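What follows is my_file_11.pdb (PDB, C-alpha atoms).
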```
ATOM      1  CA  MET A1418     -41.691-237.039 -97.674
ATOM      2  CA  ALA A1419     -38.859-239.490 -96.976
ATOM      3  CA  GLY A1420     -40.007-239.760 -93.366
ATOM      4  CA  HIS A1421     -43.503-240.754 -94.440
ATOM      5  CA  LEU A1422     -42.226-243.430 -96.811
ATOM      6  CA  LEU A1423     -39.928-244.805 -94.121
ATOM      7  CA  THR A1424     -42.892-244.924 -91.725
ATOM      8  CA  GLN A1425     -44.794-247.004 -94.286
ATOM      9  CA  MET A1426     -41.826-249.350 -94.541
ATOM     10  CA  GLU A1427     -41.657-249.633 -90.740
ATOM     11  CA  ARG A1428     -45.319-250.656 -90.736
ATOM     12  CA  GLN A1429     -44.596-253.370 -93.292
ATOM     13  CA  MET A1430     -41.586-254.576 -91.276
ATOM     14  CA  GLY A1431     -43.872-254.856 -88.247
ATOM     15  CA  LEU A1432     -46.143-257.168 -90.225
ATOM     16  CA  ARG A1433     -43.332-259.223 -91.759
ATOM     17  CA  ARG A1434     -40.000-259.773 -90.037
ATOM     18  CA  SER A1435     -38.078-259.770 -93.317
ATOM     19  CA  PRO A1436     -34.285-259.326 -93.482
ATOM     20  CA  GLU A1437     -34.648-258.200 -97.107
ATOM     21  CA  LEU A1438     -37.153-255.501 -96.162
ATOM     22  CA  ARG A1439     -34.887-254.362 -93.301
ATOM     23  CA  ALA A1440     -31.953-254.085 -95.760
ATOM     24  CA  LEU A1441     -34.116-252.072 -98.179
ATOM     25  CA  TYR A1442     -35.244-249.802 -95.335
ATOM     26  CA  GLU A1443     -31.652-249.130 -94.303
ATOM     27  CA  GLU A1444     -30.680-248.396 -97.919
ATOM     28  CA  VAL A1445     -33.584-245.980 -98.455
ATOM     29  CA  ALA A1446     -32.965-244.274 -95.094
ATOM     30  CA  ALA A1447     -29.391-243.530 -96.212
ATOM     31  CA  TYR A1448     -30.455-241.755 -99.437
ATOM     32  CA  PRO A1449     -29.777-238.005 -99.454
ATOM     33  CA  VAL A1450     -32.889-235.816 -99.529
ATOM     34  CA  PRO A1451     -32.684-232.949-102.082
ATOM     35  CA  GLU A1452     -33.281-229.548-100.493
ATOM     36  CA  ASP A1453     -36.123-228.732-102.917
ATOM     37  CA  THR A1454     -38.094-231.828-101.842
ATOM     38  CA  PRO A1455     -41.404-230.984-100.105
ATOM     39  CA  GLY A1456     -40.979-231.637 -96.407
ATOM     40  CA  ALA A1457     -37.166-231.589 -96.576
ATOM     41  CA  GLY A1458     -36.974-228.540 -94.315
ATOM     42  CA  PRO A1459     -37.890-228.672 -90.625
ATOM     43  CA  ASP A1460     -40.643-226.035 -90.994
ATOM     44  CA  GLU A1461     -42.101-227.457 -94.197
ATOM     45  CA  PRO A1462     -45.174-229.652 -93.641
ATOM     46  CA  VAL A1463     -45.804-232.718 -95.787
ATOM     47  CA  PRO A1464     -49.341-233.731 -96.792
ATOM     48  CA  TYR A1465     -49.412-237.330 -95.548
ATOM     49  CA  PHE A1466     -52.455-238.280 -97.607
ATOM     50  CA  ALA A1467     -50.622-237.757-100.916
ATOM     51  CA  LEU A1468     -46.937-237.479-101.720
ATOM     52  CA  PRO A1469     -45.231-235.912-104.743
ATOM     53  CA  LEU A1470     -43.158-238.223-106.916
ATOM     54  CA  ARG A1471     -40.906-237.062-109.732
ATOM     55  CA  ILE A1472     -39.369-239.541-112.153
ATOM     56  CA  GLU A1473     -36.993-238.789-115.009
ATOM     57  CA  HIS A1474     -37.912-240.957-117.987
ATOM     58  CA  GLU A1475     -36.202-240.682-121.370
ATOM     59  CA  GLY A1476     -35.122-237.105-120.667
ATOM     60  CA  ARG A1477     -38.554-236.011-119.385
ATOM     61  CA  MET A1478     -39.445-235.144-115.820
ATOM     62  CA  LEU A1479     -42.756-236.827-115.004
ATOM     63  CA  SER A1480     -44.690-235.671-111.938
ATOM     64  CA  PHE A1481     -47.113-237.831-110.011
ATOM     65  CA  VAL A1482     -49.020-237.729-106.762
ATOM     66  CA  SER A1483     -48.752-240.964-104.812
ATOM     67  CA  SER A1484     -51.322-242.070-102.270
ATOM     68  CA  ILE A1485     -51.046-245.281-100.218
ATOM     69  CA  SER A1486     -54.155-246.754 -98.630
ATOM     70  CA  THR A1487     -53.899-249.288 -95.818
ATOM     71  CA  PHE A1488     -56.348-251.032 -93.538
ATOM     72  CA  ASN A1489     -55.387-250.402 -89.910
ATOM     73  CA  THR A1490     -57.865-252.565 -88.007
ATOM     74  CA  PRO A1491     -59.038-255.371 -90.294
ATOM     75  CA  MET A1492     -60.676-258.533 -89.023
ATOM     76  CA  ASP A1493     -58.732-260.623 -91.547
ATOM     77  CA  VAL A1494     -54.943-261.063 -91.290
ATOM     78  CA  THR A1495     -54.620-261.065 -95.081
ATOM     79  CA  VAL A1496     -56.174-257.598 -95.299
ATOM     80  CA  ALA A1497     -53.791-256.294 -92.603
ATOM     81  CA  GLU A1498     -50.921-256.736 -95.082
ATOM     82  CA  LEU A1499     -52.716-255.028 -97.951
ATOM     83  CA  ALA A1500     -51.469-251.630 -99.112
ATOM     84  CA  ILE A1501     -52.786-250.042-102.290
ATOM     85  CA  GLU A1502     -50.671-247.356-103.947
ATOM     86  CA  THR A1503     -52.232-245.061-106.506
ATOM     87  CA  LEU A1504     -50.171-242.824-108.786
ATOM     88  CA  LEU A1505     -51.951-239.943-110.488
ATOM     89  CA  PRO A1506     -50.373-237.500-112.956
ATOM     90  CA  ALA A1507     -49.667-234.225-111.161
ATOM     91  CA  ASP A1508     -49.392-231.879-114.121
ATOM     92  CA  PRO A1509     -50.703-231.472-117.692
ATOM     93  CA  ALA A1510     -47.315-232.299-119.262
ATOM     94  CA  THR A1511     -47.261-235.698-117.540
ATOM     95  CA  VAL A1512     -50.841-236.397-118.621
ATOM     96  CA  LYS A1513     -50.011-235.501-122.225
ATOM     97  CA  TYR A1514     -46.899-237.683-122.281
ATOM     98  CA  LEU A1515     -48.719-240.680-120.760
ATOM     99  CA  GLN A1516     -51.474-240.335-123.346
ATOM    100  CA  THR A1517     -48.883-240.666-126.115
ATOM    101  CA  LEU A1518     -47.973-244.095-124.683
ATOM    102  CA  LEU A1519     -51.503-245.460-125.118
ATOM    103  CA  PRO A1520     -52.056-247.797-128.100
TER     104      PRO A1520
END
```

Please, can you express the file's structure as structure tokens?
Amino acid sequence: MAGHLLTQMERQMGLRRSPELRALYEEVAAYPVPEDTPGAGPDEPVPYFALPLRIEHEGRMLSFVSSISTFNTPMDVTVAELAIETLLPADPATVKYLQTLLP
């Protein structure tokens, strides 16, 4: 999973030569990867179309599936920089908790 996210960051660095983005990339690349993370082991494949994301919030573990959509060969330079990330709840407990946050 970390490799896929770093690849996305490399793509963004290719579009924008940003020292801040390079610093963020180097920081993220240095993070330790927990052994129970999907794709952490050499023989464990990662589904590159959707990535698991776990966030601890107020003592709860929330699980999401993250998907990033990009446009690889656009005719417009503005669209080349566009990346849309979608987070969907990955389990019923996360759905239930998020519903409690609605007004």

Exercise for the section: Give me the residues within 10 Å of Leu1422 (chain A) as a list in words, counting only C-alpha atoms and dropping any in the same chain fewer than 5 places off. Expected result: Glu1427, Arg1428, Tyr1442, Val1445, Ala1446, Tyr1465, Leu1468 and Ile1485 of chain A

Fill in the blank from the handout: note - CA of Pro1506 (chain A) and CA of Leu1423 (chain A) are separated by 22.7 Å

Practice task
Would you list the contacts of Leu1504 (chain A) as an MDAnalysis selection string, taking every protein, DNA or RNA residue within 9 Å and counting all atoms listed in the file, but skipping same-chain residues closer than 2 positions in sequence?
Solution key: chainID A and resid 1470 1481:1485 1502 1506:1507

Exercise for the section: Please provide as number ranges by chain all residues within 9 Å of Ser1486 (chain A), with the sequence filter that same-chain residues fewer than 6 positions apart are discarded (counting only C-alpha atoms). Expected result: A: 1466, 1499-1503

Fill in the blank from the handout: As a check of understanding: the span from CA of Leu1441 (chain A) to CA of Gly1476 (chain A) is 27.0 Å

Handout entry: Residue nearest Ser1480 (chain A) - candidates A:Tyr1514, A:Val1496, A:Thr1424, A:Leu1438, atoms counted: only C-alpha atoms
Key =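 Between A:Tyr1514, A:Val1496, A:Thr1424, A:Leu1438, the residue approaching Ser1480 (chain A) most closely is A:Tyr1514.
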
Fill in the blank from the handout: Across A:Phe1488, A:Glu1443, A:Pro1436, A:Thr1511, the smallest distance to Ile1472 (chain A), with only C-alpha atoms counted, is shown by A:Thr1511

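In this structure, CA of Arg1477 (chain A) sits 17.0 Å away from CA of Leu1519 (chain A).
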
Fill in the blank from the handout: Using all atoms listed in the file, the residue out of A:Leu1479, A:Arg1471, A:Met1426, A:Ser1435 with shortest distance to Pro1509 (chain A) is A:Leu1479
